[in-house]
>>> print(open('entry.cif').read())   # mmCIF, C-alpha atoms
data_query
loop_
_atom_site.label_atom_id
_atom_site.label_comp_id
_atom_site.auth_asym_id
_atom_site.auth_seq_id
_atom_site.Cartn_x
_atom_site.Cartn_y
_atom_site.Cartn_z
CA MET A 1210 -2.31 38.69 3.74
CA LEU A 1211 -0.46 36.07 5.70
CA GLY A 1212 2.65 38.13 6.22
CA ILE A 1213 2.05 39.48 9.71
CA PHE A 1214 0.46 36.26 11.00
CA GLU A 1215 3.34 34.25 9.65
CA PHE A 1216 5.72 36.52 11.53
CA PHE A 1217 4.03 35.99 14.88
CA ARG A 1218 3.34 32.32 14.34
CA ARG A 1219 6.97 31.67 13.58
CA ASP A 1220 8.11 28.24 14.49
CA ARG A 1221 10.74 28.33 17.26
CA SER A 1222 10.99 24.61 17.66
CA ALA A 1223 14.76 24.58 17.06
CA SER A 1224 15.39 26.07 20.50
CA GLN A 1225 13.27 23.34 22.09
CA ALA A 1226 15.23 20.78 20.13
CA LYS A 1227 18.45 22.18 21.56
CA GLU A 1228 17.21 22.19 25.16
CA ARG A 1229 15.89 18.64 24.92
CA LEU A 1230 19.13 17.45 23.37
CA GLN A 1231 21.31 19.06 26.01
CA ILE A 1232 19.45 17.24 28.77
CA LEU A 1233 19.31 13.95 26.91
CA VAL A 1234 22.94 13.95 25.87
CA ALA A 1235 24.10 14.84 29.39
CA HIS A 1236 22.07 11.91 30.71
CA ASP A 1237 23.37 9.53 28.04
CA ARG A 1238 26.96 10.51 28.85
CA VAL A 1239 26.59 9.76 32.55
CA GLY A 1240 25.47 6.23 31.70
CA ARG A 1241 28.23 5.82 29.14
CA ASP A 1242 31.07 7.02 31.32
CA SER A 1243 30.30 4.95 34.39
CA PRO A 1244 32.62 1.99 34.75
CA ASP A 1245 31.31 -1.56 34.50
CA TYR A 1246 31.81 -2.31 38.18
CA LEU A 1247 29.28 0.19 39.49
CA PRO A 1248 26.24 -2.13 39.36
CA LEU A 1249 28.24 -4.85 41.14
CA LEU A 1250 29.51 -2.39 43.74
CA GLN A 1251 25.95 -1.24 44.32
CA ARG A 1252 24.79 -4.85 44.83
CA ASP A 1253 27.59 -5.56 47.33
CA LEU A 1254 26.96 -2.32 49.21
CA ILE A 1255 23.30 -3.18 49.57
CA ALA A 1256 24.21 -6.62 50.91
CA VAL A 1257 26.61 -5.21 53.51
CA ILE A 1258 24.45 -2.34 54.69
CA ALA A 1259 21.35 -4.51 54.79
CA ARG A 1260 23.07 -6.60 57.51
CA TYR A 1261 22.90 -3.61 59.86
CA VAL A 1262 19.93 -1.55 58.76
CA GLU A 1263 16.86 -2.15 56.73
CA ILE A 1264 17.19 -0.31 53.46
CA ASP A 1265 15.10 -0.01 50.41
CA GLU A 1266 17.10 -1.08 47.38
CA GLU A 1267 15.30 1.48 45.29
CA LYS A 1268 16.57 4.26 47.54
CA LEU A 1269 20.25 3.72 47.00
CA SER A 1270 22.38 5.27 44.30
CA VAL A 1271 26.03 4.86 43.47
CA GLU A 1272 27.63 7.44 41.22
CA LEU A 1273 31.11 8.19 40.09
CA ALA A 1274 31.86 11.78 39.24
CA ASN A 1275 35.04 13.11 37.68
CA GLN A 1276 36.20 16.49 38.89
CA GLY A 1277 39.44 17.65 37.43
CA GLY A 1278 42.12 15.22 38.45
CA CYS A 1279 40.16 13.24 41.02
CA SER A 1280 37.20 10.93 40.92
CA MET A 1281 34.53 11.04 43.58
CA LEU A 1282 32.44 8.07 44.44
CA ALA A 1283 29.11 9.23 45.86
CA VAL A 1284 26.92 6.73 47.64
CA ASN A 1285 23.49 7.93 48.59
CA ILE A 1286 21.44 5.77 50.89
CA GLU A 1287 18.09 6.83 52.17
CA LEU A 1288 17.55 5.24 55.58
CA PRO A 1289 14.10 4.46 56.94
CA SER A 1290 12.51 7.32 58.89
CA ARG A 1291 12.75 7.32 62.73
CA SER A 1292 9.16 6.37 63.21
CA GLN A 1293 9.69 3.28 61.13
CA LYS A 1294 13.00 2.26 62.56
CA SER A 1295 14.38 3.59 65.81
CA GLU A 1296 17.79 1.91 65.37
CA ALA A 1297 18.58 4.25 62.55
CA ARG A 1298 18.45 7.19 64.98
CA ASN A 1299 22.08 8.15 64.67
CA GLN A 1300 22.38 7.68 60.98
CA LYS A 1301 20.80 10.45 59.07
CA GLY A 1302 21.34 9.79 55.39
CA PRO A 1303 22.74 10.39 52.96
CA ILE A 1304 26.06 8.82 53.85
CA ARG A 1305 28.89 10.11 51.74
CA THR A 1306 32.14 8.31 51.34
CA ARG A 1307 35.14 9.58 49.52
CA PRO A 1308 37.68 6.91 48.73
CA GLN A 1309 40.81 7.62 46.74
CA LEU A 1310 40.39 6.43 43.23
CA ALA A 1311 42.78 6.76 40.36
CA MET B 1075 54.06 10.42 -5.79
CA LYS B 1076 52.87 9.69 -2.31
CA ALA B 1077 51.62 12.80 -0.59
CA MET B 1078 50.95 11.16 2.76
CA PRO B 1079 53.77 9.70 4.82
CA THR B 1080 51.58 6.94 6.24
CA PRO B 1081 48.24 5.68 4.98
CA LYS B 1082 45.26 6.93 6.91
CA ILE B 1083 42.12 5.02 7.81
CA VAL B 1084 39.08 7.29 7.85
CA THR B 1085 35.70 5.97 8.96
CA VAL B 1086 32.52 7.69 7.87
CA THR B 1087 29.97 6.98 10.57
CA SER B 1088 26.86 8.39 12.27
CA GLY B 1089 24.98 5.92 14.42
CA LYS B 1090 21.69 6.89 12.85
CA GLY B 1091 20.70 5.62 9.42
CA GLY B 1092 19.67 7.73 6.46
CA VAL B 1093 21.74 10.79 7.34
CA GLY B 1094 24.00 10.52 4.30
CA LYS B 1095 26.88 8.25 5.30
CA THR B 1096 27.21 6.46 2.00
CA THR B 1097 26.74 9.66 -0.02
CA SER B 1098 29.38 11.31 2.17
CA ALA B 1099 31.79 8.37 2.00
CA ALA B 1100 31.51 8.29 -1.81
CA ALA B 1101 31.91 12.06 -2.07
CA PHE B 1102 34.77 12.16 0.42
CA ALA B 1103 36.67 9.32 -1.23
CA ALA B 1104 36.21 10.85 -4.69
CA GLY B 1105 37.26 14.25 -3.35
CA LEU B 1106 40.44 12.79 -1.82
CA ALA B 1107 41.25 11.03 -5.09
CA LEU B 1108 40.73 14.27 -7.03
CA LYS B 1109 43.31 15.85 -4.70
CA GLY B 1110 45.80 13.22 -5.75
CA MET B 1111 45.47 10.78 -2.88
CA LYS B 1112 45.36 7.15 -3.93
CA THR B 1113 42.09 6.26 -2.23
CA VAL B 1114 39.99 3.17 -1.62
CA VAL B 1115 36.51 3.24 -0.14
CA ILE B 1116 35.23 0.09 1.58
CA ASP B 1117 31.56 -0.76 2.07
CA PHE B 1118 31.07 -2.24 5.57
CA ASP B 1119 27.30 -2.59 5.25
CA VAL B 1120 27.29 -6.35 4.68
CA GLY B 1121 23.89 -7.52 3.41
CA LEU B 1122 22.80 -4.01 2.42
CA ARG B 1123 25.31 -3.23 -0.29
CA ASN B 1124 24.81 0.26 -1.62
CA LEU B 1125 28.11 2.06 -1.99
CA ASP B 1126 28.67 0.51 -5.44
CA LEU B 1127 25.25 1.78 -6.50
CA VAL B 1128 25.91 5.32 -5.28
CA MET B 1129 29.26 5.22 -7.07
CA GLY B 1130 27.79 3.81 -10.25
CA CYS B 1131 29.81 0.59 -10.44
CA GLU B 1132 27.15 -1.92 -9.35
CA ARG B 1133 27.39 -3.91 -12.56
CA ARG B 1134 31.12 -4.40 -12.21
CA VAL B 1135 31.00 -6.22 -8.86
CA VAL B 1136 32.34 -9.75 -9.18
CA PHE B 1137 34.07 -10.44 -5.87
CA ASP B 1138 33.60 -8.52 -2.64
CA PHE B 1139 35.11 -7.61 0.74
CA VAL B 1140 33.72 -10.77 2.39
CA ASN B 1141 35.18 -12.98 -0.35
CA VAL B 1142 38.59 -11.44 0.37
CA ILE B 1143 38.19 -11.89 4.14
CA ASN B 1144 37.29 -15.55 3.57
CA ASN B 1145 40.19 -16.04 1.13
CA GLU B 1146 37.75 -16.85 -1.66
CA ALA B 1147 39.22 -14.09 -3.81
CA ARG B 1148 42.34 -11.98 -3.88
CA LEU B 1149 42.09 -8.30 -3.00
CA LYS B 1150 43.06 -7.30 -6.56
CA GLN B 1151 40.10 -9.28 -7.90
CA ALA B 1152 37.61 -7.53 -5.64
CA LEU B 1153 38.82 -3.94 -6.06
CA ILE B 1154 36.96 -1.90 -8.67
CA LYS B 1155 38.74 1.05 -10.27
CA ASP B 1156 36.56 4.09 -10.79
CA LYS B 1157 36.21 4.97 -14.46
CA ARG B 1158 35.92 8.72 -13.95
CA VAL B 1159 38.38 9.54 -11.20
CA GLU B 1160 42.02 8.62 -11.30
CA ASN B 1161 43.34 7.18 -8.00
CA LEU B 1162 39.89 6.00 -6.82
CA TRP B 1163 39.01 2.41 -6.00
CA ILE B 1164 35.98 0.74 -4.47
CA LEU B 1165 35.86 -2.39 -2.37
CA PRO B 1166 32.21 -3.45 -2.48
CA THR B 1167 30.62 -5.62 0.14
CA SER B 1168 28.50 -8.77 0.01
CA GLN B 1169 24.77 -8.53 -0.54
CA THR B 1170 24.10 -12.10 0.63
CA ARG B 1171 26.11 -12.60 3.82
CA ASP B 1172 25.50 -11.03 7.21
CA LYS B 1173 27.63 -8.86 9.51
CA ASP B 1174 29.13 -11.90 11.22
CA ALA B 1175 31.24 -12.34 8.09
CA LEU B 1176 33.32 -9.43 9.43
CA THR B 1177 35.94 -10.36 12.01
CA LYS B 1178 38.62 -8.18 13.57
CA GLU B 1179 41.30 -10.47 12.17
CA GLY B 1180 39.80 -10.62 8.67
CA VAL B 1181 39.14 -6.90 8.41
CA GLY B 1182 42.57 -6.15 9.87
CA ARG B 1183 44.28 -8.37 7.32
CA VAL B 1184 42.50 -6.69 4.39
CA ILE B 1185 43.22 -3.21 5.77
CA ASP B 1186 46.90 -4.06 6.25
CA GLU B 1187 47.08 -5.18 2.64
CA LEU B 1188 45.34 -2.00 1.47
CA LYS B 1189 47.75 0.11 3.51
CA SER B 1190 50.64 -1.01 1.34
CA GLU B 1191 48.83 0.25 -1.78
CA PHE B 1192 46.81 3.29 -0.78
CA ASP B 1193 47.21 6.70 0.88
CA MET B 1194 43.65 6.85 2.17
CA ILE B 1195 41.34 4.06 3.24
CA VAL B 1196 37.78 5.31 3.68
CA CYS B 1197 35.45 2.99 5.59
CA ASP B 1198 31.73 3.46 4.89
CA SER B 1199 30.05 2.34 8.11
CA PRO B 1200 26.58 0.83 8.35
CA ALA B 1201 24.07 2.46 10.68
CA GLY B 1202 23.76 1.34 14.29
CA ILE B 1203 26.37 0.42 16.88
CA GLU B 1204 26.40 -3.31 16.19
CA LYS B 1205 29.04 -5.52 14.64
CA GLY B 1206 29.23 -3.88 11.20
CA ALA B 1207 29.58 -0.39 12.63
CA LEU B 1208 32.09 -1.58 15.25
CA MET B 1209 34.21 -3.27 12.58
CA ALA B 1210 34.10 -0.13 10.42
CA LEU B 1211 35.42 2.07 13.22
CA TYR B 1212 37.77 -0.37 14.95
CA TYR B 1213 40.86 0.42 12.87
CA ALA B 1214 40.05 4.11 12.34
CA ASP B 1215 42.70 6.81 12.68
CA GLU B 1216 40.12 9.50 12.06
CA ALA B 1217 36.34 9.54 11.92
CA VAL B 1218 33.94 11.74 10.02
CA VAL B 1219 30.70 11.86 12.01
CA VAL B 1220 27.85 12.61 9.62
CA THR B 1221 25.05 14.44 11.41
CA ASN B 1222 21.77 16.04 10.37
CA PRO B 1223 20.53 19.11 12.29
CA GLU B 1224 17.83 16.99 13.89
CA VAL B 1225 17.42 15.63 17.43
CA SER B 1226 17.72 11.89 16.82
CA SER B 1227 20.72 12.28 14.54
CA VAL B 1228 22.60 14.52 17.01
CA ARG B 1229 21.89 12.15 19.87
CA ASP B 1230 23.08 9.13 17.88
CA SER B 1231 26.20 11.00 16.80
CA ASP B 1232 27.02 11.62 20.45
CA ARG B 1233 26.53 7.93 21.09
CA ILE B 1234 28.85 6.94 18.26
CA LEU B 1235 31.46 9.39 19.57
CA GLY B 1236 31.32 7.46 22.85
CA VAL B 1237 31.79 4.19 20.97
CA LEU B 1238 34.75 5.64 19.06
CA SER B 1239 36.42 6.69 22.28
CA SER B 1240 35.96 3.32 23.97
CA ARG B 1241 35.77 0.56 21.36
CA SER B 1242 38.30 1.50 18.69
CA ARG B 1243 41.67 -0.18 18.49
CA ARG B 1244 43.31 3.10 19.46
CA ALA B 1245 41.19 3.17 22.62
CA GLU B 1246 41.92 -0.47 23.42
CA ARG B 1247 45.64 0.07 23.02
CA GLY B 1248 45.68 3.36 24.89
CA GLU B 1249 46.98 5.15 21.79
CA PRO B 1250 46.05 8.74 20.91
CA ALA B 1251 42.28 8.92 20.40
CA VAL B 1252 40.60 8.63 17.02
CA LYS B 1253 40.47 12.17 15.62
CA THR B 1254 36.84 13.09 15.08
CA HIS B 1255 35.29 15.54 12.63
CA LEU B 1256 31.74 16.80 12.34
CA LEU B 1257 30.14 16.82 8.91
CA LEU B 1258 26.78 18.52 9.19
CA THR B 1259 24.66 17.42 6.24
CA ARG B 1260 21.25 18.39 4.87
CA TYR B 1261 21.66 21.83 6.39
CA ASP B 1262 18.90 24.20 5.36
CA ALA B 1263 20.06 27.72 6.20
CA ALA B 1264 16.66 29.20 5.35
CA ARG B 1265 14.90 26.96 7.88
CA VAL B 1266 17.65 27.65 10.42
CA SER B 1267 17.12 31.39 10.06
CA LYS B 1268 13.42 30.86 10.73
CA GLY B 1269 14.17 28.95 13.92
CA GLU B 1270 12.79 25.71 12.50
CA MET B 1271 16.06 23.82 12.42
CA LEU B 1272 18.96 23.38 14.85
CA LYS B 1273 21.73 25.76 13.90
CA LEU B 1274 25.37 24.89 13.44
CA GLU B 1275 26.37 26.48 16.76
CA ASP B 1276 23.80 24.36 18.65
CA VAL B 1277 25.09 21.12 17.16
CA LEU B 1278 28.72 22.13 17.77
CA GLU B 1279 27.94 23.05 21.37
CA ILE B 1280 26.32 19.68 22.04
CA LEU B 1281 28.75 17.40 20.23
CA ALA B 1282 31.87 19.46 20.97
CA ILE B 1283 33.99 18.20 18.08
CA PRO B 1284 35.70 20.23 15.34
CA LEU B 1285 33.68 21.10 12.26
CA LEU B 1286 34.86 19.66 8.96
CA GLY B 1287 32.05 20.96 6.80
CA ILE B 1288 28.44 21.92 6.32
CA ILE B 1289 26.69 20.31 3.40
CA PRO B 1290 23.63 22.27 2.32
CA GLU B 1291 20.38 20.48 1.60
CA SER B 1292 20.45 20.24 -2.15
CA PRO B 1293 18.37 18.47 -4.82
CA SER B 1294 21.58 17.73 -6.67
CA VAL B 1295 22.45 15.03 -4.10
CA LEU B 1296 19.51 12.90 -5.17
CA ARG B 1297 20.23 13.60 -8.81
CA ALA B 1298 23.83 12.44 -8.34
CA SER B 1299 22.78 9.20 -6.64
CA ASN B 1300 20.17 8.59 -9.35
CA ILE B 1301 22.92 8.43 -11.94
CA GLY B 1302 25.62 6.90 -9.73
CA LEU B 1303 27.90 9.92 -9.66
CA PRO B 1304 29.84 10.97 -6.56
CA ILE B 1305 28.48 14.44 -5.83
CA VAL B 1306 31.93 16.10 -5.84
CA LEU B 1307 32.01 15.53 -9.60
CA ASP B 1308 29.03 17.86 -10.01
CA ALA B 1309 30.84 21.19 -9.93
CA GLU B 1310 27.57 23.09 -10.25
CA SER B 1311 26.15 21.63 -7.06
CA PRO B 1312 26.52 23.55 -3.78
CA ALA B 1313 26.68 20.19 -1.99
CA GLY B 1314 29.45 19.03 -4.30
CA ARG B 1315 31.43 22.21 -3.63
CA ALA B 1316 30.84 21.85 0.10
CA TYR B 1317 32.20 18.28 0.06
CA ASN B 1318 35.25 19.46 -1.89
CA ASP B 1319 35.83 22.15 0.74
CA ALA B 1320 35.53 19.55 3.50
CA VAL B 1321 38.09 17.34 1.80
CA GLY B 1322 40.45 20.31 1.48
CA ARG B 1323 40.11 21.03 5.20
CA PHE B 1324 40.68 17.38 5.99
CA LEU B 1325 43.98 17.62 4.12
CA GLY B 1326 44.96 20.68 6.12
CA GLU B 1327 43.88 23.52 3.84
CA THR B 1328 42.27 26.58 5.39
CA ILE B 1329 38.93 27.08 3.70
CA GLU B 1330 36.19 29.32 5.04
CA HIS B 1331 32.85 27.66 5.75
CA ARG B 1332 30.09 28.51 3.31
CA PHE B 1333 26.38 27.81 2.97
CA LEU B 1334 25.67 29.13 6.47
CA LYS B 1335 23.42 31.91 5.25
CA PRO B 1336 20.21 31.41 3.31
CA GLU B 1337 20.86 31.81 -0.36
CA ARG B 1338 19.48 34.98 -1.83
CA ARG B 1339 17.16 34.05 -4.63
CA SER B 1340 16.25 36.40 -7.39
CA ILE B 1341 12.62 37.13 -8.12
CA PHE B 1342 12.99 35.05 -11.25
CA GLN B 1343 14.23 32.06 -9.25
CA ARG B 1344 11.40 32.46 -6.78
CA LEU B 1345 8.86 32.56 -9.57
CA MET B 1346 10.32 29.46 -11.13
CA GLY B 1347 10.44 27.73 -7.73
CA ARG B 1348 14.05 26.87 -8.36
CA ALA B 1349 16.28 25.70 -5.58
CA ALA B 1350 19.96 25.40 -6.24
#
>>> encode(input="entry.cif", output="structure tokens")
Amino acid sequence: MLGIFEFFRRDRSASQAKERLQILVAHDRVGRDSPDYLPLLQRDLIAVIARYVEIDEEKLSVELANQGGCSMLAVNIELPSRSQKSEARNQKGPIRTRPQLA
Amino acid sequence: MKAMPTPKIVTVTSGKGGVGKTTSAAAFAAGLALKGMKTVVIDFDVGLRNLDLVMGCERRVVFDFVNVINNEARLKQALIKDKRVENLWILPTSQTRDKDALTKEGVGRVIDELKSEFDMIVCDSPAGIEKGALMALYYADEAVVVTNPEVSSVRDSDRILGVLSSRSRRAERGEPAVKTHLLLTRYDAARVSKGEMLKLEDVLEILAIPLLGIIPESPSVLRASNIGLPIVLDAESPAGRAYNDAVGRFLGETIEHRFLKPERRSIFQRLMGRAA
């Protein structure tokens, strides 16, 4: 009799499918909704900041988030640790800027 | 008698291939025609012509959509009138050219000409998000997004929704967005109830667009394509009835969704291994 085994071995993969999709789709949408200028802005920001402090290009992110009626540009820059670079003493990252965007 | 004040351009799309776009476009167009709309269905899958086959008019193709775009034939010469359904016409595509044969100007010119003749212009999109698919959705007023309850199909549908909202002519011109509808196909309520398949609510939650219809997985779909019959003409088929319901809703009728629960099968049906 398979009946009882079947019941306990029931496939619940649909709920995994849903969870995976929710994460994936949310991630896809972030990429889709970001305007074309973000990579260029990121490149320029790196160039400007690199004139003053040493930064690792990998440790910088530029994101645009929409909250209700306003957009928030979040720039996260991880500065080198104090032991590596004493000049960065007064600048504990991340730096957040909040310009007015349409 | 014209039932619609202005002709509507409806694109049947999905992103992913093999989910039932052509079957749905054929069924949808035939369903609209049965409701009295003068309807044309255009095959945008240049190089992989199949709509004519699904609609059973493959041997009547002389000129095609690309010939009309290139002014090698007049629209009237390329249009094929369906022999079973009044008000239904097919504009087949080319089997030999590639997608570059489609241009915004060329497609726009043909669609404008069709608008003066038809109430409904159904565009059967190819899979993907390349040229052919972009051309099929560019002029859309509404879009039917065909989705299977399966991860890759849902993801690709979300992607195509993004393309619709950014690359259509309506988006480019800042006009009201293309109205989108979810058509959930190959739905197997029995597998859903066992937790083996994404359920309707899951797909709706993720895609967040209004539901036009649920088409149950049904052997009659393959049978219909075998003989070149739009599935809505098979009144016995649950899928055919589901497509007819979807068409009714598209035209503003209030019709309750069916096929959400597993079908109760009699002991006889179980013994015979019959699926409706």
>>> interface_residues(input="entry.cif", of="chain B", to="chain A", cutoff="9 Å", atoms="only C-alpha atoms", output="ChimeraX atom specification")
/B:1224-1226,1228-1229,1232-1233,1236,1266,1268-1273,1276-1277,1280-1281
>>> resolve_selection(input="entry.cif", expression="the PyMOL selection byres ((chain A and resi 1247-1256) around 10)", output="list of chain:residue names")
A:Ser1243, A:Pro1244, A:Asp1245, A:Tyr1246, A:Val1257, A:Ile1258, A:Ala1259, A:Arg1260, A:Tyr1261, A:Val1262, A:Glu1263, A:Ile1264, A:Asp1265, A:Glu1266, A:Leu1269, A:Ser1270, A:Val1271, A:Glu1272, A:Leu1273, A:Leu1282, A:Val1284, A:Ile1286
>>> atom_distance(input="entry.cif", atom1="atom CA of Lys1178 of chain B", atom2="atom CA of Leu1162 of chain B")
24.9 Å
>>> resolve_selection(input="entry.cif", expression="the PyMOL selection byres ((chain B and resi 1115) around 6)", output="list in words")
Val1114, Ile1116, Ile1164, Ile1195, Val1196 and Cys1197 of chain B
>>> closest_residue(input="entry.cif", among="B:Ser1294, B:Asp1126, B:Glu1187, B:Ile1234", to="Ala1309 of chain B", atoms="only C-alpha atoms")
B:Ser1294
>>> axis_aligned_box(input="entry.cif", around="segment 1294-1310 of chain B", padding_each_side="6 Å", output="AutoDock Vina command-line options")
--center_x 25.8 --center_y 15.0 --center_z -8.0 --size_x 24.5 --size_y 28.2 --size_z 19.8
>>> atom_distance(input="entry.cif", atom1="atom CA of Ser1098 of chain B", atom2="atom CA of Asn1144 of chain B")
28.0 Å
>>> atom_distance(input="entry.cif", atom1="atom CA of Ser1299 of chain B", atom2="atom CA of Pro1336 of chain B")
24.5 Å
>>> resolve_selection(input="entry.cif", expression="the PyMOL selection byres ((chain B and resi 1089-1093) around 7)", output="list in words")
Thr1087, Ser1088, Gly1094, Lys1095, Ala1201, Gly1202, Ile1203, Val1220, Thr1221, Asn1222, Ser1227, Asp1230, Ser1231 and Ile1234 of chain B
>>> residues_around(input="entry.cif", residues="Met1194 of chain B", least_positions_apart="6", cutoff="7 Å", atoms="only C-alpha atoms", output="MDAnalysis selection string")
chainID B and resid 1081:1083 1111:1114
>>> write_last_selection(input="entry.cif", atoms="C-alpha atoms", output="short mmCIF file (atom, residue, chain, number, x, y, z; two decimals), in the frame of the given file")
data_model
loop_
_atom_site.label_atom_id
_atom_site.label_comp_id
_atom_site.auth_asym_id
_atom_site.auth_seq_id
_atom_site.Cartn_x
_atom_site.Cartn_y
_atom_site.Cartn_z
CA PRO B 1081 48.24 5.68 4.98
CA LYS B 1082 45.26 6.93 6.91
CA ILE B 1083 42.12 5.02 7.81
CA MET B 1111 45.47 10.78 -2.88
CA LYS B 1112 45.36 7.15 -3.93
CA THR B 1113 42.09 6.26 -2.23
CA VAL B 1114 39.99 3.17 -1.62
#
